[in-house]
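Asks: So here's upload-v1.cif, just mmCIF, C-alpha atoms:
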data_coords
#
loop_
_atom_site.label_atom_id
_atom_site.label_comp_id
_atom_site.auth_asym_id
_atom_site.auth_seq_id
_atom_site.Cartn_x
_atom_site.Cartn_y
_atom_site.Cartn_z
CA MET G 10 -39.24 17.05 13.20
CA ALA G 11 -36.63 19.47 14.57
CA GLU G 12 -33.39 19.87 12.67
CA SER G 13 -31.37 18.58 15.63
CA GLU G 14 -33.52 15.42 15.76
CA LYS G 15 -33.01 14.82 12.04
CA LYS G 16 -29.25 15.13 12.47
CA ALA G 17 -29.25 12.80 15.49
CA HIS G 18 -31.30 10.30 13.46
CA LEU G 19 -28.73 10.46 10.64
CA ALA G 20 -25.85 10.05 13.10
CA ILE G 21 -27.29 6.86 14.57
CA TYR G 22 -28.14 5.55 11.10
CA LEU G 23 -24.50 6.06 10.08
CA THR G 24 -23.27 4.44 13.29
CA PHE G 25 -25.28 1.29 12.61
CA ALA G 26 -23.95 1.30 9.03
CA ALA G 27 -20.37 1.58 10.34
CA PHE G 28 -21.02 -1.33 12.69
CA GLY G 29 -22.17 -3.44 9.75
CA ALA G 30 -19.13 -2.41 7.71
CA ILE G 31 -16.79 -3.68 10.44
CA VAL G 32 -18.61 -7.00 10.71
CA GLY G 33 -18.83 -7.47 6.93
CA THR G 34 -15.15 -6.69 6.28
CA HIS G 35 -14.05 -8.99 9.08
CA VAL G 36 -16.15 -12.02 8.16
CA GLY G 37 -15.69 -11.52 4.43
CA SER G 38 -11.97 -12.00 5.01
CA PHE G 39 -12.39 -15.12 7.17
CA PRO G 40 -11.54 -17.73 4.49
CA VAL G 41 -8.15 -16.13 3.85
CA LEU G 42 -7.49 -15.23 7.50
CA VAL G 43 -8.32 -18.74 8.73
CA GLU G 44 -6.16 -20.39 6.08
CA ARG G 45 -3.26 -17.99 6.60
CA ALA G 46 -3.32 -18.49 10.38
CA GLY G 47 -3.61 -22.26 10.01
CA LEU G 48 -6.80 -22.66 12.08
CA THR G 49 -8.66 -25.94 12.09
CA PRO G 50 -12.48 -25.85 11.89
CA PHE G 51 -12.61 -26.84 15.57
CA GLN G 52 -10.31 -23.97 16.54
CA PHE G 53 -12.49 -21.61 14.54
CA GLY G 54 -15.53 -22.89 16.43
CA VAL G 55 -13.74 -22.28 19.73
CA ALA G 56 -12.88 -18.77 18.59
CA GLY G 57 -16.54 -18.22 17.76
CA SER G 58 -17.62 -19.25 21.26
CA LEU G 59 -14.97 -17.17 23.01
CA GLY G 60 -15.76 -14.20 20.77
CA MET G 61 -19.44 -14.50 21.62
CA LEU G 62 -18.60 -14.69 25.32
CA MET G 63 -16.49 -11.54 24.99
CA ASN G 64 -19.27 -9.81 23.06
CA ILE G 65 -21.93 -10.69 25.64
CA GLY G 66 -19.62 -9.79 28.52
CA CYS G 67 -18.93 -6.32 27.12
CA MET G 68 -22.63 -5.75 26.55
CA GLY G 69 -23.27 -6.80 30.14
CA LEU G 70 -20.78 -4.23 31.39
CA GLY G 71 -22.63 -1.44 29.61
CA GLY G 72 -24.52 -0.38 32.72
CA VAL G 73 -21.28 -0.06 34.68
CA ILE G 74 -19.58 1.86 31.86
CA ASN G 75 -22.54 4.22 31.58
CA ARG G 76 -22.03 5.26 35.20
CA PHE G 77 -18.80 6.95 34.14
CA ALA G 78 -19.24 7.75 30.43
CA SER G 79 -22.16 8.91 28.28
CA HIS G 80 -23.40 7.15 25.16
CA ARG G 81 -21.71 9.79 23.02
CA THR G 82 -18.37 9.47 24.80
CA VAL G 83 -18.32 5.69 24.54
CA LEU G 84 -19.18 5.76 20.83
CA LEU G 85 -16.47 8.32 20.12
CA ILE G 86 -13.94 6.01 21.80
CA VAL G 87 -15.14 2.63 20.57
CA ILE G 88 -15.47 3.49 16.86
CA PRO G 89 -11.73 4.19 16.37
CA ALA G 90 -10.89 1.34 18.78
CA ALA G 91 -12.89 -1.03 16.58
CA ALA G 92 -10.96 0.19 13.53
CA VAL G 93 -7.64 -0.59 15.24
CA ALA G 94 -8.88 -4.02 16.37
CA LEU G 95 -10.09 -4.80 12.84
CA LEU G 96 -6.72 -3.81 11.38
CA GLY G 97 -5.03 -6.16 13.83
CA ALA G 98 -7.37 -8.95 12.76
CA LEU G 99 -6.65 -8.35 9.07
CA LEU G 100 -2.90 -8.45 9.76
CA ALA G 101 -2.92 -11.56 12.00
CA GLN G 102 -0.89 -14.46 10.61
CA SER G 103 -0.87 -16.99 13.46
CA VAL G 104 -3.37 -18.90 15.57
CA THR G 105 -2.55 -16.73 18.58
CA GLY G 106 -2.82 -13.54 16.54
CA PHE G 107 -6.16 -14.64 15.13
CA PHE G 108 -7.59 -15.45 18.58
CA VAL G 109 -6.37 -12.24 20.24
CA SER G 110 -7.57 -9.98 17.42
CA PHE G 111 -10.86 -11.88 17.14
CA LEU G 112 -11.58 -11.30 20.83
CA LEU G 113 -10.65 -7.62 20.61
CA VAL G 114 -12.92 -7.08 17.60
CA ASN G 115 -15.80 -8.77 19.42
CA ALA G 116 -15.17 -6.70 22.55
CA CYS G 117 -15.42 -3.51 20.51
CA LEU G 118 -18.49 -4.73 18.63
CA GLY G 119 -20.28 -5.73 21.84
CA THR G 120 -19.65 -2.33 23.40
CA MET G 121 -20.59 -0.46 20.24
CA ASP G 122 -23.72 -2.61 19.82
CA LEU G 123 -25.02 -1.83 23.29
CA PHE G 124 -24.41 1.91 23.25
CA MET G 125 -25.61 2.59 19.71
CA ASN G 126 -28.83 0.71 20.50
CA ALA G 127 -29.22 2.58 23.78
CA GLU G 128 -28.85 5.91 21.99
CA ALA G 129 -31.11 4.71 19.17
CA SER G 130 -33.93 4.00 21.61
CA LEU G 131 -33.73 7.56 22.90
CA VAL G 132 -33.62 9.03 19.38
CA GLU G 133 -36.65 6.95 18.40
CA HIS G 134 -38.54 8.25 21.44
CA GLU G 135 -37.67 11.83 20.52
CA LEU G 136 -38.73 11.31 16.89
CA GLY G 137 -42.08 9.92 18.00
CA ARG G 138 -42.17 7.18 15.35
CA PRO G 139 -40.68 3.68 14.95
CA VAL G 140 -37.25 3.73 13.30
CA PHE G 141 -35.43 0.95 15.14
CA SER G 142 -35.93 -1.62 12.38
CA THR G 143 -34.53 0.84 9.83
CA TYR G 144 -31.36 1.28 11.87
CA HIS G 145 -30.84 -2.47 11.97
CA GLY G 146 -31.61 -2.66 8.28
CA SER G 147 -28.79 -0.21 7.53
CA ALA G 148 -26.36 -2.39 9.50
CA THR G 149 -27.49 -5.51 7.65
CA TYR G 150 -27.05 -3.84 4.27
CA THR G 151 -23.51 -2.72 5.03
CA VAL G 152 -22.65 -6.19 6.34
CA ALA G 153 -23.69 -7.48 2.92
CA VAL G 154 -21.74 -4.91 0.92
CA PHE G 155 -18.56 -5.09 2.98
CA ALA G 156 -18.60 -8.90 3.10
CA VAL G 157 -17.98 -8.80 -0.64
CA VAL G 158 -15.46 -5.99 -0.17
CA GLY G 159 -13.62 -8.06 2.44
CA SER G 160 -13.50 -11.22 0.35
CA LEU G 161 -12.39 -9.37 -2.81
CA CYS G 162 -9.67 -7.43 -1.00
CA SER G 163 -8.35 -10.44 0.89
CA VAL G 164 -8.03 -12.58 -2.25
CA LEU G 165 -7.12 -10.06 -4.96
CA LEU G 166 -5.08 -7.56 -2.90
CA ALA G 167 -4.40 -8.20 0.78
CA PRO G 168 -6.73 -8.54 3.77
CA TRP G 169 -5.39 -5.34 5.38
CA PHE G 170 -6.55 -3.30 2.35
CA GLY G 171 -10.12 -3.70 3.56
CA ILE G 172 -9.43 -1.23 6.39
CA VAL G 173 -8.83 1.48 3.78
CA LEU G 174 -12.38 1.11 2.48
CA VAL G 175 -14.09 0.55 5.83
CA ALA G 176 -12.43 3.73 7.10
CA VAL G 177 -14.92 5.77 5.08
CA PRO G 178 -18.14 4.73 6.90
CA LEU G 179 -16.28 4.72 10.22
CA ALA G 180 -15.07 8.28 9.70
CA LEU G 181 -18.53 9.44 8.66
CA ALA G 182 -20.11 7.82 11.71
CA TRP G 183 -17.54 9.27 14.11
CA ALA G 184 -17.92 12.76 12.68
CA ALA G 185 -21.73 12.53 12.83
CA VAL G 186 -21.70 11.33 16.45
CA TYR G 187 -19.27 14.08 17.40
CA SER G 188 -21.35 16.79 15.70
CA HIS G 189 -24.95 15.70 16.20
CA VAL G 190 -25.35 13.30 19.13
CA ALA G 191 -26.13 15.07 22.38
CA ASP G 192 -24.10 14.29 25.49
CA ARG G 193 -26.83 13.06 27.82
CA GLY G 194 -24.47 12.50 30.73
CA THR G 195 -24.02 9.37 32.81
CA VAL G 196 -26.64 7.42 34.69
CA GLY G 197 -24.77 7.64 38.00
CA ARG G 198 -25.53 5.31 40.86
CA LYS G 199 -29.28 5.22 41.19
CA ALA G 200 -31.05 4.13 44.31
CA ALA G 201 -32.73 0.79 44.13
CA HIS G 202 -36.43 0.89 43.33
CA GLY G 203 -39.16 -1.64 43.94
CA LYS G 204 -38.97 -4.38 41.40
CA ALA G 205 -41.94 -5.50 39.36
CA PRO G 206 -42.41 -9.30 39.48
CA LEU G 207 -41.01 -10.92 36.36
CA PRO G 208 -42.57 -14.00 34.70
CA PHE G 209 -39.28 -15.87 34.71
CA GLY G 210 -40.70 -19.02 33.11
CA ILE G 211 -41.89 -17.31 29.92
CA LEU G 212 -38.87 -15.00 29.82
CA THR G 213 -36.55 -18.01 30.05
CA ILE G 214 -38.29 -19.59 27.06
CA ILE G 215 -38.10 -16.32 25.12
CA GLY G 216 -34.42 -15.94 25.97
CA LEU G 217 -33.56 -19.45 24.83
CA ALA G 218 -35.49 -18.95 21.59
CA ALA G 219 -33.59 -15.72 20.98
CA GLY G 220 -30.32 -17.49 21.75
CA PHE G 221 -30.99 -20.19 19.17
CA ASN G 222 -31.90 -17.53 16.61
CA VAL G 223 -28.77 -15.44 17.21
CA THR G 224 -26.63 -18.58 17.05
CA CYS G 225 -28.06 -19.25 13.60
CA GLU G 226 -27.42 -15.66 12.55
CA VAL G 227 -23.81 -15.79 13.71
CA ALA G 228 -23.27 -19.16 12.01
CA ALA G 229 -24.61 -17.78 8.73
CA ILE G 230 -22.26 -14.82 9.04
CA GLN G 231 -19.12 -16.63 10.19
CA TRP G 232 -19.32 -19.84 8.16
CA SER G 233 -20.85 -18.68 4.87
CA GLY G 234 -17.59 -17.60 3.25
CA GLN G 235 -15.82 -20.80 4.27
CA LEU G 236 -18.62 -22.93 2.87
CA LEU G 237 -18.62 -21.19 -0.50
CA ALA G 238 -14.82 -21.12 -0.70
CA LYS G 239 -14.77 -24.87 -0.04
CA ILE G 240 -17.47 -25.62 -2.62
CA ALA G 241 -15.73 -23.61 -5.34
CA PRO G 242 -12.10 -22.69 -4.51
CA ASP G 243 -11.75 -20.97 -7.90
CA LEU G 244 -14.49 -18.53 -6.83
CA ALA G 245 -12.94 -17.72 -3.44
CA ALA G 246 -12.70 -14.04 -4.37
CA ILE G 247 -16.49 -13.82 -4.29
CA SER G 248 -17.03 -16.12 -1.31
CA GLY G 249 -18.64 -13.13 0.44
CA LEU G 250 -21.64 -13.45 -1.87
CA GLY G 251 -23.40 -15.80 0.54
CA LEU G 252 -23.25 -13.22 3.29
CA ALA G 253 -24.15 -10.52 0.77
CA PHE G 254 -27.36 -12.32 -0.24
CA TYR G 255 -28.08 -12.99 3.43
CA GLY G 256 -27.54 -9.35 4.34
CA ILE G 257 -29.42 -7.79 1.44
CA CYS G 258 -32.49 -9.96 1.95
CA GLY G 259 -32.42 -9.62 5.74
CA GLY G 260 -31.89 -5.87 5.53
CA THR G 261 -34.79 -5.42 3.12
CA ILE G 262 -37.12 -7.39 5.38
CA ARG G 263 -36.04 -5.29 8.36
CA MET G 264 -36.84 -2.11 6.45
CA PHE G 265 -40.45 -3.30 6.14
CA GLY G 266 -40.52 -5.22 9.41
CA ASP G 267 -42.72 -2.86 11.40
CA ALA G 268 -45.39 -2.86 8.68
CA LEU G 269 -45.38 -6.67 8.49
CA ARG G 270 -45.66 -7.03 12.24
CA GLY G 271 -48.52 -4.54 12.37
CA ARG G 272 -50.47 -6.29 9.63
CA PHE G 273 -49.95 -9.97 10.46
CA GLY G 274 -48.91 -10.02 14.10
CA ASP G 275 -45.58 -11.09 15.57
CA PHE G 276 -46.39 -14.78 15.95
CA ARG G 277 -47.46 -15.26 12.31
CA VAL G 278 -44.43 -13.31 11.12
CA MET G 279 -42.07 -15.47 13.17
CA LEU G 280 -43.79 -18.72 12.17
CA THR G 281 -43.54 -17.97 8.46
CA SER G 282 -40.02 -16.59 8.74
CA LEU G 283 -38.58 -19.56 10.60
CA VAL G 284 -40.12 -22.06 8.18
CA VAL G 285 -38.26 -20.25 5.39
CA ALA G 286 -35.04 -20.18 7.46
CA ILE G 287 -35.27 -23.91 8.18
CA ALA G 288 -35.71 -24.62 4.47
CA GLY G 289 -32.68 -22.46 3.65
CA PHE G 290 -30.47 -24.12 6.26
CA THR G 291 -31.62 -27.56 5.17
CA GLY G 292 -30.66 -26.74 1.60
CA LEU G 293 -27.21 -25.56 2.69
CA GLY G 294 -26.74 -28.76 4.64
CA THR G 295 -27.14 -30.82 1.46
CA ALA G 296 -24.31 -29.06 -0.43
CA PRO G 297 -26.30 -27.97 -3.51
CA GLY G 298 -23.43 -26.11 -5.23
CA PHE G 299 -22.00 -22.60 -5.17
CA TRP G 300 -24.80 -20.54 -6.66
CA LEU G 301 -27.67 -22.44 -5.06
CA SER G 302 -25.88 -22.15 -1.73
CA ALA G 303 -25.42 -18.43 -2.22
CA PHE G 304 -29.13 -17.99 -2.90
CA ALA G 305 -30.02 -20.24 0.05
CA PHE G 306 -28.38 -17.65 2.27
CA ALA G 307 -30.98 -15.17 1.00
CA ALA G 308 -33.71 -17.45 2.38
CA VAL G 309 -31.85 -17.64 5.68
CA GLY G 310 -31.57 -13.85 5.79
CA PHE G 311 -35.31 -13.50 5.18
CA GLY G 312 -36.12 -16.11 7.79
CA LEU G 313 -34.01 -14.76 10.66
CA ALA G 314 -34.32 -10.99 10.19
CA LEU G 315 -37.34 -10.24 12.39
CA ILE G 316 -37.17 -12.97 15.04
CA PHE G 317 -35.01 -11.12 17.54
CA PRO G 318 -37.00 -7.85 17.57
CA CYS G 319 -40.30 -9.74 17.74
CA LEU G 320 -39.15 -11.81 20.72
CA PHE G 321 -37.88 -8.85 22.66
CA ALA G 322 -41.04 -6.90 21.92
CA LEU G 323 -42.94 -9.78 23.51
CA ALA G 324 -40.62 -9.76 26.53
CA GLY G 325 -41.25 -6.04 27.00
CA ARG G 326 -45.02 -6.38 26.66
CA LEU G 327 -45.12 -9.07 29.34
CA VAL G 328 -43.93 -6.57 31.96
CA PRO G 329 -44.82 -3.04 30.78
CA SER G 330 -43.65 -1.50 34.05
CA ALA G 331 -40.22 -3.16 33.86
CA ARG G 332 -39.43 -3.60 30.17
CA ALA G 333 -35.67 -3.15 30.58
CA ALA G 334 -35.49 -5.75 33.34
CA ALA G 335 -37.50 -8.26 31.31
CA MET G 336 -35.36 -7.77 28.20
CA SER G 337 -32.15 -7.90 30.23
CA TYR G 338 -33.10 -11.23 31.79
CA ALA G 339 -34.11 -12.68 28.41
CA ALA G 340 -30.82 -11.52 26.89
CA PHE G 341 -28.87 -13.11 29.74
CA VAL G 342 -30.59 -16.46 29.26
CA GLY G 343 -30.09 -16.19 25.49
CA GLY G 344 -26.36 -15.93 26.07
CA VAL G 345 -26.17 -19.60 27.07
CA PRO G 346 -26.78 -21.14 23.61
CA ARG G 347 -24.91 -18.25 21.98
CA VAL G 348 -21.75 -19.18 23.90
CA PHE G 349 -21.85 -22.98 23.84
CA LEU G 350 -23.42 -23.90 20.48
CA PRO G 351 -20.53 -22.51 18.36
CA TRP G 352 -18.30 -25.15 20.03
CA LEU G 353 -20.68 -27.81 18.73
CA LEU G 354 -20.62 -26.28 15.27
CA GLY G 355 -16.83 -26.33 15.27
CA MET G 356 -16.85 -30.01 16.24
CA LEU G 357 -19.33 -30.80 13.46
CA ALA G 358 -17.22 -28.97 10.89
CA THR G 359 -14.17 -30.94 12.05
CA GLY G 360 -15.78 -34.37 12.22
CA GLN G 361 -18.21 -33.98 9.32
CA SER G 362 -18.07 -30.96 7.02
CA VAL G 363 -18.93 -27.27 6.88
CA ASN G 364 -22.30 -28.29 5.42
CA ALA G 365 -23.04 -30.08 8.70
CA VAL G 366 -22.83 -26.68 10.44
CA PHE G 367 -25.85 -25.49 8.48
CA GLY G 368 -27.70 -28.77 8.91
CA ALA G 369 -27.35 -28.25 12.65
CA CYS G 370 -28.63 -24.69 12.25
CA ALA G 371 -31.81 -26.09 10.68
CA VAL G 372 -32.30 -28.05 13.91
CA PHE G 373 -31.52 -24.97 16.04
CA ALA G 374 -34.06 -22.91 14.08
CA ALA G 375 -36.67 -25.65 14.57
CA CYS G 376 -35.95 -25.63 18.32
CA GLY G 377 -36.39 -21.87 18.31
CA LEU G 378 -39.73 -22.22 16.54
CA ALA G 379 -40.94 -24.77 19.11
CA LEU G 380 -39.89 -22.49 21.97
CA ILE G 381 -41.66 -19.52 20.37
CA ALA G 382 -44.87 -21.52 20.07
CA LEU G 383 -44.51 -22.54 23.73
CA ALA G 384 -43.88 -18.94 24.81
CA TYR G 385 -46.95 -17.66 22.99
CA GLY G 386 -49.01 -20.49 24.36
CA ARG G 387 -48.05 -19.55 27.92
CA ALA G 388 -48.53 -15.86 27.21
CA GLY G 389 -51.95 -16.53 25.70
CA ALA G 390 -53.63 -15.94 29.05
CA ASN G 391 -52.49 -12.34 28.75
CA ARG G 392 -53.94 -11.01 25.50
CA ASN G 393 -51.94 -7.82 25.68
CA ALA G 394 -48.69 -9.73 25.94
CA ALA G 395 -49.50 -12.04 23.05
CA ALA G 396 -50.80 -9.34 20.70
#
Kindly transcribe the structure held in the file into structure tokens.

Replies:
Amino acid sequence: MAESEKKAHLAIYLTFAAFGAIVGTHVGSFPVLVERAGLTPFQFGVAGSLGMLMNIGCMGLGGVINRFASHRTVLLIVIPAAAVALLGALLAQSVTGFFVSFLLVNACLGTMDLFMNAEASLVEHELGRPVFSTYHGSATYTVAVFAVVGSLCSVLLAPWFGIVLVAVPLALAWAAVYSHVADRGTVGRKAAHGKAPLPFGILTIIGLAAGFNVTCEVAAIQWSGQLLAKIAPDLAAISGLGLAFYGICGGTIRMFGDALRGRFGDFRVMLTSLVVAIAGFTGLGTAPGFWLSAFAFAAVGFGLALIFPCLFALAGRLVPSARAAAMSYAAFVGGVPRVFLPWLLGMLATGQSVNAVFGACAVFAACGLALIALAYGRAGANRNAAA
């Protein structure tokens, strides 16, 4: 491996870690931020839906942005922009301030997510070996660590103090991108090419399954601290432990994800994983207590970690000549449950309890499992696609 490739690999690894640090610090502070702003559970659910819509919208604009700015340029702009947006979120003290800062953070995260993954795919190709799962594992680990950092800072010091600590991984990532990521230029306006026919039926099923899975992931991230803080208010300072267990377990599984997929196959991996996730969500829905709830998030992290990459690998294999188009369509369809289901979760938290949010996630995960089985059944006629 050339020295430049090693440095580019490290730069992207640090960028994913910085992404996770932003997410962890933000959500780890949610219990204090929500209480300070005076948000109801329903309002928080609405914020979750609008934030997801903003996130998906910014990801969808990535192709347009890339016509005018390279991956490197966008990352160099969005990393400090995300830091400013996060600071605004940690300082917000009203419902309006919470909503505005929440949307800005999600806009930055959506843009950063798209362009760091786009650059990661190119770095992986240049390295000649699979590293994508490792990148995502680094993000999951830092989500876990900084969720605890966020909750501790927000309770024991002040929410804004979290930006002091998250500035370290952000600065490292920015410096690494500046020094070691090549400027590959813009894509420009390319002439239209003949389109390969897409199996829209199967891709729609895959997209919906992915949407259910991501909804469960976001719910585990956004509602975990509030659940634990409600169960044990005297332990609010460590309410980020649920997300920490979720992140550590999910990150570890992602580090070994490629080996598991190679040995057992994607379908078996997803089947086993989702059964564990459903059990974890079911346990959380029954309000078992602080420590059992915290450990249940570890089961959820294990169960959800590999579903998204497995589904999108299947989408790509279905149309080898148009992988990007297949994945793009699946991602678009997956945006539907990702936008609308958080509203339902907010209503459940308002009318029932926060535990009901996770009971609903058990149902969502079961729906995802059924859709995955249906997708593989339809893809079974194509052995290469269902490998």

Asks: Output the residue selection produced by the PyMOL selection byres ((chain G and resi 287) around 9) on the file above, formatted as an mmCIF file with C-alpha atoms, in the coordinates of the input.

Replies:
data_model
loop_
_atom_site.group_PDB
_atom_site.id
_atom_site.type_symbol
_atom_site.label_atom_id
_atom_site.label_comp_id
_atom_site.auth_asym_id
_atom_site.auth_seq_id
_atom_site.Cartn_x
_atom_site.Cartn_y
_atom_site.Cartn_z
ATOM 1 C CA SER G 282 -40.020 -16.590 8.740
ATOM 2 C CA LEU G 283 -38.580 -19.560 10.600
ATOM 3 C CA VAL G 284 -40.120 -22.060 8.180
ATOM 4 C CA VAL G 285 -38.260 -20.250 5.390
ATOM 5 C CA ALA G 286 -35.040 -20.180 7.460
ATOM 6 C CA ALA G 288 -35.710 -24.620 4.470
ATOM 7 C CA GLY G 289 -32.680 -22.460 3.650
ATOM 8 C CA PHE G 290 -30.470 -24.120 6.260
ATOM 9 C CA THR G 291 -31.620 -27.560 5.170
ATOM 10 C CA GLY G 292 -30.660 -26.740 1.600
ATOM 11 C CA ALA G 308 -33.710 -17.450 2.380
ATOM 12 C CA VAL G 309 -31.850 -17.640 5.680
ATOM 13 C CA GLY G 312 -36.120 -16.110 7.790
ATOM 14 C CA CYS G 370 -28.630 -24.690 12.250
ATOM 15 C CA ALA G 371 -31.810 -26.090 10.680
ATOM 16 C CA VAL G 372 -32.300 -28.050 13.910
ATOM 17 C CA PHE G 373 -31.520 -24.970 16.040
ATOM 18 C CA ALA G 374 -34.060 -22.910 14.080
ATOM 19 C CA ALA G 375 -36.670 -25.650 14.570
#

Asks: If you apply the PyMOL selection byres ((chain G and resi 254) around 10) to this file, what residues do you get, as a CSV table (one decimal) with C-alpha atoms, in the frame of the given file?

Replies:
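Just written: part02.csv:
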chain,number,residue,atom,x,y,z
G,150,TYR,CA,-27.0,-3.8,4.3
G,153,ALA,CA,-23.7,-7.5,2.9
G,154,VAL,CA,-21.7,-4.9,0.9
G,156,ALA,CA,-18.6,-8.9,3.1
G,249,GLY,CA,-18.6,-13.1,0.4
G,250,LEU,CA,-21.6,-13.4,-1.9
G,251,GLY,CA,-23.4,-15.8,0.5
G,252,LEU,CA,-23.2,-13.2,3.3
G,253,ALA,CA,-24.2,-10.5,0.8
G,255,TYR,CA,-28.1,-13.0,3.4
G,256,GLY,CA,-27.5,-9.4,4.3
G,257,ILE,CA,-29.4,-7.8,1.4
G,258,CYS,CA,-32.5,-10.0,2.0
G,259,GLY,CA,-32.4,-9.6,5.7
G,260,GLY,CA,-31.9,-5.9,5.5
G,303,ALA,CA,-25.4,-18.4,-2.2
G,304,PHE,CA,-29.1,-18.0,-2.9
G,305,ALA,CA,-30.0,-20.2,0.0
G,306,PHE,CA,-28.4,-17.6,2.3
G,307,ALA,CA,-31.0,-15.2,1.0
G,308,ALA,CA,-33.7,-17.4,2.4
G,309,VAL,CA,-31.8,-17.6,5.7
G,310,GLY,CA,-31.6,-13.8,5.8
G,311,PHE,CA,-35.3,-13.5,5.2

Asks: Excluding stretch 174-179 of chain G and its own-chain neighbours fewer than 5 positions away, which residues fall within 9 Å of it when counting only C-alpha atoms? Please give them as a ChimeraX atom specification.

Replies: /G:23-24,26-28,30-31,34,88-89,92,155,158,184

Asks: With the file shown as input, list the residues that the PyMOL selection byres ((chain G and resi 363) around 9) selects, as a short mmCIF file (atom, residue, chain, number, x, y, z; two decimals) with C-alpha atoms, in the coordinates of the input.

Replies:
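Just written: selection01.cif:
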data_model
loop_
_atom_site.label_atom_id
_atom_site.label_comp_id
_atom_site.auth_asym_id
_atom_site.auth_seq_id
_atom_site.Cartn_x
_atom_site.Cartn_y
_atom_site.Cartn_z
CA PRO G 50 -12.48 -25.85 11.89
CA TRP G 232 -19.32 -19.84 8.16
CA GLN G 235 -15.82 -20.80 4.27
CA LEU G 236 -18.62 -22.93 2.87
CA LYS G 239 -14.77 -24.87 -0.04
CA GLY G 294 -26.74 -28.76 4.64
CA LEU G 354 -20.62 -26.28 15.27
CA GLY G 355 -16.83 -26.33 15.27
CA LEU G 357 -19.33 -30.80 13.46
CA ALA G 358 -17.22 -28.97 10.89
CA THR G 359 -14.17 -30.94 12.05
CA GLN G 361 -18.21 -33.98 9.32
CA SER G 362 -18.07 -30.96 7.02
CA ASN G 364 -22.30 -28.29 5.42
CA ALA G 365 -23.04 -30.08 8.70
CA VAL G 366 -22.83 -26.68 10.44
CA PHE G 367 -25.85 -25.49 8.48
#

Asks: At most 9 Å from (-26.4, -19.5, 25.7), file frame, all atoms listed in the file: which residues, as a VMD selection string?

Replies: chain G and resid 216 to 217 220 to 221 224 341 to 350

Asks: Using all atoms listed in the file, find the one residue out of G:Phe170, G:Tyr385, G:Phe25, G:Phe39 that sits nearest to G:Leu212.

Replies: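 Closest candidate: G:Tyr385.
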
Asks: Between atom CA of G:Thr120 and atom CA of G:Ala339, what is the spacing in Å?

Replies: 18.5 Å

Asks: Hey, what's within 7 Å of G:Arg263 if we count all atoms listed in the file and toss same-chain stuff fewer than 2 positions away? As a ChimeraX atom specification, please?

Replies: /G:142-143,145-146,259-261,265-266,314-315

Asks: Would you mind telling me which residue in G:Leu95, G:Asp192, G:Leu48, G:Leu136 lies nearest to G:Val83 when using all atoms listed in the file?

Replies: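 Answer, going by the shortest atom-to-atom distance: G:Asp192.
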